[in-house]
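Visitor: I'm passing along work_2.json; it holds JSON, C-alpha atoms.
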```
[["chain", "number", "residue", "atom", "x", "y", "z"],
["A", 1, "MET", "CA", 39.89, 1.79, -34.24],
["A", 2, "GLN", "CA", 42.84, -0.08, -32.74],
["A", 3, "GLY", "CA", 42.88, 2.33, -29.79],
["A", 4, "ILE", "CA", 39.16, 1.76, -29.15],
["A", 5, "PHE", "CA", 39.65, -2.01, -29.32],
["A", 6, "ASN", "CA", 42.52, -1.85, -26.82],
["A", 7, "ILE", "CA", 40.16, -0.39, -24.18],
["A", 8, "ARG", "CA", 37.32, -2.84, -24.96],
["A", 9, "GLN", "CA", 37.13, -3.82, -21.25],
["A", 10, "ARG", "CA", 35.67, -0.36, -20.62],
["A", 11, "TRP", "CA", 32.84, -0.40, -23.13],
["A", 12, "ILE", "CA", 31.99, -3.92, -24.36],
["A", 13, "SER", "CA", 29.69, -5.68, -21.90],
["A", 14, "LEU", "CA", 31.01, -9.11, -22.87],
["A", 15, "TRP", "CA", 34.43, -8.11, -21.50],
["A", 16, "ASN", "CA", 32.90, -6.97, -18.21],
["A", 17, "ARG", "CA", 30.97, -10.09, -17.29],
["A", 18, "GLU", "CA", 33.11, -10.62, -14.17],
["A", 19, "THR", "CA", 32.02, -7.21, -12.83],
["A", 20, "PHE", "CA", 28.65, -6.68, -11.13],
["A", 21, "PHE", "CA", 26.51, -4.37, -13.29],
["A", 22, "VAL", "CA", 23.04, -5.51, -12.13],
["A", 23, "GLY", "CA", 22.73, -6.91, -15.65],
["A", 24, "MET", "CA", 22.30, -3.35, -16.91],
["A", 25, "CYS", "CA", 24.28, -1.42, -19.50],
["A", 26, "SER", "CA", 25.26, 2.20, -18.86],
["A", 27, "THR", "CA", 22.88, 3.55, -21.52],
["A", 28, "GLY", "CA", 19.98, 1.54, -20.09],
["A", 29, "ARG", "CA", 20.54, 2.98, -16.63],
["A", 30, "SER", "CA", 20.74, 6.51, -18.03],
["A", 31, "GLU", "CA", 17.54, 6.08, -20.06],
["A", 32, "SER", "CA", 15.55, 4.68, -17.12],
["A", 33, "THR", "CA", 16.74, 7.49, -14.82],
["A", 34, "ASN", "CA", 15.87, 10.14, -17.38],
["A", 35, "ASN", "CA", 12.48, 8.56, -18.01],
["A", 36, "PHE", "CA", 11.63, 8.73, -14.28],
["A", 37, "PHE", "CA", 12.78, 12.29, -13.63],
["A", 38, "ASN", "CA", 11.36, 13.75, -16.85],
["A", 39, "ALA", "CA", 7.90, 13.52, -15.28],
["A", 40, "TRP", "CA", 9.10, 15.65, -12.34],
["A", 41, "LEU", "CA", 11.84, 17.86, -13.75],
["A", 42, "PRO", "CA", 11.20, 19.33, -17.20],
["A", 43, "ILE", "CA", 14.07, 21.15, -18.85],
["A", 44, "THR", "CA", 12.56, 24.53, -17.93],
["A", 45, "THR", "CA", 12.61, 23.82, -14.16],
["A", 46, "GLY", "CA", 14.28, 26.60, -12.18],
["A", 47, "LEU", "CA", 16.78, 26.00, -9.40],
["A", 48, "HIS", "CA", 14.30, 26.65, -6.57],
["A", 49, "ASN", "CA", 11.63, 24.38, -8.07],
["A", 50, "PHE", "CA", 14.27, 21.77, -8.82],
["A", 51, "VAL", "CA", 15.00, 21.23, -5.11],
["A", 52, "THR", "CA", 11.31, 20.95, -4.22],
["A", 53, "LYS", "CA", 10.39, 18.61, -7.08],
["A", 54, "TYR", "CA", 13.50, 16.47, -6.66],
["A", 55, "GLU", "CA", 12.60, 15.90, -3.01],
["A", 56, "ALA", "CA", 9.02, 15.02, -3.98],
["A", 57, "ALA", "CA", 10.39, 12.49, -6.49],
["A", 58, "LEU", "CA", 12.56, 10.89, -3.81],
["A", 59, "ILE", "CA", 9.54, 10.54, -1.52],
["A", 60, "VAL", "CA", 7.68, 8.70, -4.29],
["A", 61, "VAL", "CA", 10.67, 6.35, -4.71],
["A", 62, "CYS", "CA", 10.77, 5.65, -0.96],
["A", 63, "GLU", "CA", 7.02, 4.95, -0.82],
["A", 64, "ARG", "CA", 7.17, 2.72, -3.89],
["A", 65, "GLU", "CA", 10.08, 0.72, -2.47],
["A", 66, "SER", "CA", 8.33, 0.36, 0.89],
["A", 67, "ALA", "CA", 5.20, -0.96, -0.82],
["A", 68, "GLU", "CA", 7.23, -3.41, -2.89],
["A", 69, "ASP", "CA", 9.17, -4.58, 0.19],
["A", 70, "PHE", "CA", 5.87, -5.24, 1.97],
["A", 71, "ALA", "CA", 4.52, -7.17, -1.02],
["A", 72, "SER", "CA", 7.72, -9.23, -1.28],
["A", 73, "GLU", "CA", 7.53, -10.16, 2.37],
["A", 74, "HIS", "CA", 3.81, -10.96, 2.63],
["A", 75, "ARG", "CA", 2.47, -12.02, -0.78],
["A", 76, "TYR", "CA", 2.53, -15.74, -1.57],
["A", 77, "ARG", "CA", 4.36, -16.95, -4.69],
["A", 78, "GLN", "CA", 3.03, -20.02, -6.43],
["A", 79, "VAL", "CA", 5.67, -22.74, -6.78],
["A", 80, "GLY", "CA", 5.35, -26.35, -7.90],
["A", 81, "PRO", "CA", 5.29, -29.00, -5.13],
["A", 82, "HIS", "CA", 8.59, -30.57, -6.26],
["A", 83, "GLN", "CA", 10.51, -27.37, -6.99],
["A", 84, "ALA", "CA", 12.56, -27.23, -3.79],
["A", 85, "LEU", "CA", 15.06, -24.68, -5.12],
["A", 86, "LEU", "CA", 12.28, -22.29, -6.13],
["A", 87, "LYS", "CA", 10.54, -22.75, -2.79],
["A", 88, "ASP", "CA", 13.74, -21.71, -1.06],
["A", 89, "ALA", "CA", 14.23, -18.81, -3.48],
["A", 90, "ALA", "CA", 10.71, -17.55, -2.72],
["A", 91, "LYS", "CA", 11.73, -17.10, 0.92],
["A", 92, "ILE", "CA", 14.96, -15.30, 0.00],
["A", 93, "TYR", "CA", 14.43, -12.95, -2.93],
["A", 94, "THR", "CA", 12.21, -9.96, -3.60],
["A", 95, "ARG", "CA", 9.34, -10.52, -6.02],
["A", 96, "SER", "CA", 11.05, -9.02, -9.07],
["A", 97, "MET", "CA", 14.28, -10.95, -8.53],
["A", 98, "PHE", "CA", 12.38, -14.16, -7.78],
["A", 99, "HIS", "CA", 10.64, -13.91, -11.17],
["A", 100, "LYS", "CA", 14.01, -13.39, -12.87],
["A", 101, "LEU", "CA", 15.39, -16.45, -11.12],
["A", 102, "GLN", "CA", 12.25, -18.36, -12.09],
["A", 103, "ASP", "CA", 12.96, -17.53, -15.75],
["A", 104, "GLN", "CA", 16.41, -19.07, -15.33],
["A", 105, "PHE", "CA", 14.91, -22.10, -13.60],
["A", 106, "ASP", "CA", 12.50, -22.65, -16.51],
["A", 107, "GLN", "CA", 15.50, -23.09, -18.83],
["A", 108, "VAL", "CA", 17.11, -25.83, -16.72],
["A", 109, "VAL", "CA", 15.30, -28.60, -18.64],
["A", 110, "CYS", "CA", 16.94, -27.42, -21.87],
["A", 111, "PHE", "CA", 20.43, -28.41, -20.72],
["A", 112, "VAL", "CA", 22.36, -31.44, -19.54],
["A", 113, "ALA", "CA", 25.28, -31.21, -17.10],
["A", 114, "ILE", "CA", 28.11, -33.66, -17.87],
["A", 115, "GLU", "CA", 30.70, -34.33, -15.19],
["A", 116, "ARG", "CA", 34.19, -34.25, -16.73],
["A", 117, "HIS", "CA", 36.51, -34.47, -13.74],
["A", 118, "ALA", "CA", 36.22, -35.12, -9.99],
["A", 119, "GLU", "CA", 38.86, -34.45, -7.35],
["A", 120, "CYS", "CA", 37.83, -34.83, -3.70],
["A", 121, "ASN", "CA", 34.72, -32.65, -3.36],
["A", 122, "VAL", "CA", 35.40, -30.53, -6.45],
["A", 123, "ARG", "CA", 33.51, -31.34, -9.64],
["A", 124, "GLN", "CA", 34.20, -29.93, -13.08],
["A", 125, "LEU", "CA", 31.32, -30.06, -15.54],
["A", 126, "THR", "CA", 30.16, -28.97, -18.95],
["A", 127, "ALA", "CA", 26.60, -27.77, -19.49],
["A", 128, "LYS", "CA", 25.29, -28.39, -23.00],
["A", 129, "SER", "CA", 22.01, -27.78, -24.75],
["A", 130, "HIS", "CA", 19.66, -30.66, -25.57],
["A", 131, "SER", "CA", 18.66, -28.98, -28.82],
["A", 132, "GLY", "CA", 22.05, -29.47, -30.43],
["A", 133, "ARG", "CA", 23.03, -25.80, -30.25],
["A", 134, "ALA", "CA", 26.74, -25.09, -29.91],
["A", 135, "GLU", "CA", 26.05, -23.26, -26.66],
["A", 136, "SER", "CA", 27.96, -24.75, -23.74],
["A", 137, "PHE", "CA", 29.66, -23.55, -20.57],
["A", 138, "GLU", "CA", 32.30, -24.93, -18.23],
["A", 139, "LEU", "CA", 31.37, -25.07, -14.53],
["A", 140, "GLN", "CA", 33.04, -25.98, -11.26],
["A", 141, "ILE", "CA", 31.47, -26.68, -7.89],
["A", 142, "ASN", "CA", 32.78, -27.65, -4.47],
["A", 143, "LEU", "CA", 30.16, -29.97, -2.97],
["A", 144, "GLU", "CA", 31.49, -29.51, 0.57],
["A", 145, "LYS", "CA", 31.78, -25.71, 0.71],
["A", 146, "LEU", "CA", 28.99, -25.20, -1.86],
["A", 147, "THR", "CA", 31.00, -22.67, -3.82],
["A", 148, "GLY", "CA", 31.76, -22.59, -7.50],
["A", 149, "ASN", "CA", 31.68, -20.67, -10.75],
["A", 150, "CYS", "CA", 30.26, -20.75, -14.26],
["A", 151, "GLY", "CA", 31.98, -19.70, -17.47],
["A", 152, "GLY", "CA", 28.98, -17.57, -18.40],
["A", 153, "GLU", "CA", 29.64, -15.34, -15.34],
["A", 154, "PHE", "CA", 25.92, -14.55, -15.05],
["A", 155, "PHE", "CA", 26.09, -14.46, -11.26],
["A", 156, "GLU", "CA", 29.04, -12.06, -11.29],
["A", 157, "TYR", "CA", 27.26, -9.78, -13.79],
["A", 158, "VAL", "CA", 23.64, -9.91, -12.55],
["A", 159, "GLY", "CA", 23.86, -11.31, -9.02],
["A", 160, "LEU", "CA", 21.63, -14.37, -9.59],
["A", 161, "PRO", "CA", 22.49, -18.04, -10.24],
["A", 162, "CYS", "CA", 22.21, -18.84, -13.94],
["A", 163, "CYS", "CA", 20.29, -21.76, -15.45],
["A", 164, "TYR", "CA", 23.55, -23.73, -15.75],
["A", 165, "LEU", "CA", 24.34, -23.42, -12.05],
["A", 166, "LEU", "CA", 20.73, -24.30, -11.21],
["A", 167, "LYS", "CA", 21.12, -27.39, -13.39],
["A", 168, "VAL", "CA", 24.22, -28.40, -11.41],
["A", 169, "PHE", "CA", 22.38, -27.80, -8.10],
["A", 170, "SER", "CA", 19.64, -30.15, -9.27],
["A", 171, "LYS", "CA", 22.13, -32.75, -10.50],
["A", 172, "TYR", "CA", 23.72, -33.02, -7.04],
["A", 173, "ASP", "CA", 20.44, -32.69, -5.11],
["A", 174, "ILE", "CA", 21.28, -29.28, -3.64],
["A", 175, "LEU", "CA", 17.80, -28.24, -2.51],
["A", 176, "LYS", "CA", 18.64, -24.75, -1.21],
["A", 177, "ILE", "CA", 20.39, -21.83, -2.84],
["A", 178, "PRO", "CA", 23.95, -21.86, -1.40],
["A", 179, "GLU", "CA", 24.91, -18.71, 0.52],
["A", 180, "ALA", "CA", 27.82, -18.12, -1.84],
["A", 181, "PHE", "CA", 25.29, -17.54, -4.64],
["A", 182, "ILE", "CA", 22.96, -15.20, -2.72],
["A", 183, "MET", "CA", 23.55, -11.48, -3.19],
["A", 184, "THR", "CA", 22.23, -9.59, -0.17],
["A", 185, "ARG", "CA", 20.92, -6.62, -2.14],
["A", 186, "TRP", "CA", 18.33, -8.86, -3.89],
["A", 187, "THR", "CA", 16.97, -10.40, -0.69],
["A", 188, "ILE", "CA", 13.72, -9.55, 1.11],
["A", 189, "GLY", "CA", 14.19, -6.70, 3.54],
["A", 190, "ALA", "CA", 17.74, -5.94, 2.35],
["A", 191, "ASN", "CA", 17.19, -2.19, 2.60],
["A", 192, "LYS", "CA", 14.80, -2.25, 5.54],
["A", 193, "PHE", "CA", 17.30, -1.17, 8.17],
["A", 194, "LEU", "CA", 19.78, 0.73, 6.05],
["A", 195, "ARG", "CA", 20.46, 4.38, 6.84],
["A", 196, "SER", "CA", 21.84, 6.78, 4.23],
["A", 197, "TYR", "CA", 22.22, 9.84, 6.47],
["A", 198, "ASP", "CA", 24.06, 11.06, 9.54],
["A", 199, "GLU", "CA", 22.17, 11.14, 12.87],
["A", 200, "SER", "CA", 23.40, 14.72, 13.43],
["A", 201, "GLN", "CA", 21.25, 15.85, 10.49],
["A", 202, "LEU", "CA", 18.12, 15.05, 12.50],
["A", 203, "GLU", "CA", 18.88, 17.94, 14.87],
["A", 204, "GLU", "CA", 18.57, 20.58, 12.16],
["A", 205, "ASP", "CA", 15.57, 22.89, 12.28],
["A", 206, "ASN", "CA", 14.99, 22.82, 8.52],
["A", 207, "LEU", "CA", 14.85, 19.03, 8.32],
["A", 208, "ARG", "CA", 13.79, 17.93, 4.84],
["A", 209, "HIS", "CA", 10.55, 16.03, 4.31],
["A", 210, "ALA", "CA", 12.32, 13.13, 2.57],
["A", 211, "LEU", "CA", 14.75, 12.74, 5.48],
["A", 212, "ARG", "CA", 11.95, 12.80, 8.05],
["A", 213, "HIS", "CA", 10.07, 10.19, 6.04],
["A", 214, "SER", "CA", 13.17, 7.98, 5.72],
["A", 215, "HIS", "CA", 13.98, 8.17, 9.43],
["A", 216, "LEU", "CA", 10.43, 7.41, 10.56],
["A", 217, "SER", "CA", 10.18, 4.49, 8.11],
["A", 218, "LEU", "CA", 13.41, 3.07, 9.48],
["A", 219, "ARG", "CA", 12.31, 3.35, 13.12],
["A", 220, "ALA", "CA", 8.84, 2.00, 12.38],
["A", 221, "SER", "CA", 10.15, -1.04, 10.47],
["A", 222, "ASN", "CA", 12.50, -1.89, 13.33],
["A", 223, "LEU", "CA", 9.73, -1.57, 15.94],
["A", 224, "PHE", "CA", 7.21, -3.55, 13.90],
["A", 225, "LYS", "CA", 9.67, -6.41, 13.48],
["A", 226, "LYS", "CA", 10.05, -6.62, 17.27],
["A", 227, "ALA", "CA", 6.33, -6.16, 17.98],
["A", 228, "SER", "CA", 5.21, -8.91, 15.59],
["A", 229, "LYS", "CA", 7.08, -11.68, 17.43],
["A", 230, "MET", "CA", 4.48, -12.13, 20.21],
["A", 231, "LYS", "CA", 0.73, -11.60, 20.49],
["A", 232, "GLU", "CA", 1.10, -9.39, 23.59],
["A", 233, "SER", "CA", 3.63, -7.04, 22.01],
["A", 234, "PHE", "CA", 1.55, -6.95, 18.81],
["A", 235, "ASP", "CA", -1.60, -5.91, 20.71],
["A", 236, "PHE", "CA", 0.35, -3.28, 22.64],
["A", 237, "ALA", "CA", 1.83, -1.86, 19.43],
["A", 238, "VAL", "CA", -1.61, -1.63, 17.78],
["A", 239, "LEU", "CA", -2.98, 0.19, 20.85],
["A", 240, "LYS", "CA", -0.15, 2.72, 20.79],
["A", 241, "LEU", "CA", -0.51, 3.20, 17.05],
["A", 242, "ASP", "CA", -4.19, 4.03, 17.54],
["A", 243, "GLU", "CA", -3.23, 6.59, 20.20],
["A", 244, "LEU", "CA", -0.54, 8.08, 17.94],
["A", 245, "GLU", "CA", -2.93, 8.28, 14.99],
["A", 246, "SER", "CA", -5.52, 10.06, 17.15],
["A", 247, "TYR", "CA", -2.90, 12.50, 18.46],
["A", 248, "LEU", "CA", -1.63, 13.35, 14.96],
["A", 249, "GLN", "CA", -5.19, 13.82, 13.68],
["A", 250, "ASN", "CA", -6.01, 16.23, 16.52],
["A", 251, "TYR", "CA", -2.73, 18.06, 15.90],
["A", 252, "ASP", "CA", -3.50, 18.45, 12.18],
["A", 253, "ASN", "CA", -7.00, 19.71, 13.00],
["A", 254, "ALA", "CA", -5.58, 22.27, 15.43],
["A", 255, "LEU", "CA", -3.15, 23.56, 12.79],
["A", 256, "THR", "CA", -5.95, 23.76, 10.24]]
```
Do you think you could lay out the structure here as structure tokens?
Guide:
Amino acid sequence: MQGIFNIRQRWISLWNRETFFVGMCSTGRSESTNNFFNAWLPITTGLHNFVTKYEAALIVVCERESAEDFASEHRYRQVGPHQALLKDAAKIYTRSMFHKLQDQFDQVVCFVAIERHAECNVRQLTAKSHSGRAESFELQINLEKLTGNCGGEFFEYVGLPCCYLLKVFSKYDILKIPEAFIMTRWTIGANKFLRSYDESQLEEDNLRHALRHSHLSLRASNLFKKASKMKESFDFAVLKLDELESYLQNYDNALT
């Protein structure tokens, strides 16, 4: 038991708060992965079928992420007229992460931030609960550089500002999420132009379906971003897309 306790930093989540874990424990990640692939890869799957079904599963993931990215970028999120921080967050984060931040924002009213010490632009505070609970955290913020930290280490662990930091932002009239507290992986379009393969792979004759799909999605997203900036380029892109769609339809009919 003493030996297990001595390595507690490896297995107790409380001792790993300063490390980014997406807010997920190792068992939770394993269970969610297994739950997804069990629908595609039963235990009796042979090696040949495994490759085919695994690739089909990856295509579903890519399509699902593309649909969610589109929804995050184009669907409106309802925010109160005086919630400046949430309005800014709606422009920054994907839908799922915005809702998680909104949950933190809803808890802001439950706490009070008390300034304990001030030195130049650095403020040290204590966040306490209104309800009389013993829960409290020490915070520090630099009002010039807009950097800081919270004793709860929620940002380090999950990648989002916690309710205590949001309370401090409100206290000092910080109306936008500081860049130091924005994790790129949670932002809209973070994975839009990422490439997880080598360009030399595209020259292979037996190019996998998932890789073709990924490459075309990447090129299309890049082109659409450029084409949407002006009405002329938008109209030209739509015209060419119609021509491409007609060509592919005729090609499919010829193969059939």
Visitor: Would you list the contacts of Ala118 of chain A as a JSON list (two decimals) with C-alpha atoms, keeping the file's coordinate frame, taking every protein, DNA or RNA residue within 12 Å and counting only C-alpha atoms, but skipping same-chain residues closer than 5 positions in sequence?
Guide:
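Once written, result.json looks like this:
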```json
[["chain", "number", "residue", "atom", "x", "y", "z"],
["A", 123, "ARG", "CA", 33.51, -31.34, -9.64],
["A", 124, "GLN", "CA", 34.20, -29.93, -13.08],
["A", 125, "LEU", "CA", 31.32, -30.06, -15.54],
["A", 140, "GLN", "CA", 33.04, -25.98, -11.26],
["A", 141, "ILE", "CA", 31.47, -26.68, -7.89],
["A", 142, "ASN", "CA", 32.78, -27.65, -4.47],
["A", 143, "LEU", "CA", 30.16, -29.97, -2.97]]
```
Visitor: Sorted by chain and rising residue number, which residues of segment 66-86 of chain A lie within 12 Å of segment 213-221 of chain A, and what are their closest atom pairs and distances in Å to one decimal, counting only C-alpha atoms, as a Markdown table?
Guide:
```
| residue | atom | partner | partner_atom | distance |
| --- | --- | --- | --- | --- |
| A:Ser66 | CA | A:Ser217 | CA | 8.5 |
| A:Ala67 | CA | A:Ser217 | CA | 11.6 |
| A:Asp69 | CA | A:Ser221 | CA | 10.9 |
| A:Phe70 | CA | A:Ser221 | CA | 10.4 |
```
Visitor: Atom CA of Arg64 of chain A to atom CA of Ala180 of chain A: how many Å, to one decimal?
Guide: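 We find that atom CA of Arg64 of chain A and atom CA of Ala180 of chain A lie 29.4 Å from each other.
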Visitor: Take atom CA of Asn16 of chain A and atom CA of Ile188 of chain A and report the distance between them in Å, one decimal.
Guide: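 Atom CA of Asn16 of chain A sits 27.3 Å away from atom CA of Ile188 of chain A.
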Visitor: For the atom pair atom CA of Tyr93 of chain A and atom CA of Val168 of chain A, what is the interatomic distance in Å to one decimal place?
Guide: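 One can read the atom CA of Tyr93 of chain A to atom CA of Val168 of chain A distance as 20.2 Å.
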Visitor: Near Ser72 of chain A, counting all atoms listed in the file, which residues have an atom at most 10 Å away, once you skip same-chain residues fewer than 4 positions from it, shown as a PDB file with C-alpha atoms, in the frame of the given file?
Guide:
```pdb
ATOM      1  CA  SER A  66       8.330   0.360   0.890  1.00  0.00           C
ATOM      2  CA  ALA A  67       5.200  -0.960  -0.820  1.00  0.00           C
ATOM      3  CA  GLU A  68       7.230  -3.410  -2.890  1.00  0.00           C
ATOM      4  CA  TYR A  76       2.530 -15.740  -1.570  1.00  0.00           C
ATOM      5  CA  ARG A  77       4.360 -16.950  -4.690  1.00  0.00           C
ATOM      6  CA  ALA A  90      10.710 -17.550  -2.720  1.00  0.00           C
ATOM      7  CA  LYS A  91      11.730 -17.100   0.920  1.00  0.00           C
ATOM      8  CA  ILE A  92      14.960 -15.300   0.000  1.00  0.00           C
ATOM      9  CA  TYR A  93      14.430 -12.950  -2.930  1.00  0.00           C
ATOM     10  CA  THR A  94      12.210  -9.960  -3.600  1.00  0.00           C
ATOM     11  CA  ARG A  95       9.340 -10.520  -6.020  1.00  0.00           C
ATOM     12  CA  SER A  96      11.050  -9.020  -9.070  1.00  0.00           C
ATOM     13  CA  MET A  97      14.280 -10.950  -8.530  1.00  0.00           C
ATOM     14  CA  PHE A  98      12.380 -14.160  -7.780  1.00  0.00           C
ATOM     15  CA  THR A 187      16.970 -10.400  -0.690  1.00  0.00           C
ATOM     16  CA  ILE A 188      13.720  -9.550   1.110  1.00  0.00           C
ATOM     17  CA  GLY A 189      14.190  -6.700   3.540  1.00  0.00           C
TER      18      GLY A 189
END
```
Visitor: Can you pull out every residue within 12 Å of Ser136 of chain A, counting all atoms listed in the file, but drop anything in the same chain fewer than 6 positions away, and send it as a PyMOL selection string?
Guide: chain A and resi 110-114+125-130+150-152+163-164
Visitor: Which is closest to Glu179 of chain A among A:Leu160, A:Cys120, A:Gln2, A:Leu223, if we use only C-alpha atoms?
Guide: A:Leu160
Visitor: Give me the residues within 10 Å of Ala84 of chain A as a list in words, counting all atoms listed in the file and dropping any in the same chain fewer than 6 places off.
Guide: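 Those residues are Ala90, Ser170, Asp173, Ile174, Leu175, Lys176 and Ile177 of chain A.
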Visitor: Using the selection just defined, write its residues with C-alpha atoms as a compact mmCIF listing (two decimals), keeping the file's coordinate frame.
Guide:
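Output saved as out01.txt:
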```
# COMPACT_ATOMS: atom_id res chain seq x y z
CA ALA A 90 10.71 -17.55 -2.72
CA SER A 170 19.64 -30.15 -9.27
CA ASP A 173 20.44 -32.69 -5.11
CA ILE A 174 21.28 -29.28 -3.64
CA LEU A 175 17.80 -28.24 -2.51
CA LYS A 176 18.64 -24.75 -1.21
CA ILE A 177 20.39 -21.83 -2.84
```
Visitor: So which one's closest to Leu165 of chain A, A:Glu119, A:Lys225, A:Leu85, A:Leu14? Using all atoms listed in the file, please.
Guide: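 Using all atoms listed in the file, Leu165 of chain A sits closest to A:Leu85.
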Visitor: Find the spatial neighbours of Val122 of chain A, counting only C-alpha atoms, within a cut-off of 12 Å - ignore same-chain residues fewer than 6 positions away - and output them as a VMD selection string.
Guide: chain A and resid 115 to 116 139 to 149 172
Visitor: Of the residues A:Ala237, A:Ser228, A:Leu86, A:Gly159, which is the one nearest to Asp106 of chain A, using only C-alpha atoms?
Guide: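 Smallest distance to Asp106 of chain A is found for A:Leu86.
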Visitor: Nearest to Ser13 of chain A among A:Phe224, A:Phe181, A:Tyr157, A:Tyr251, with distances taken over all atoms listed in the file: which residue is it?
Guide: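 With all atoms listed in the file as the atom set, the closest residue is A:Tyr157.
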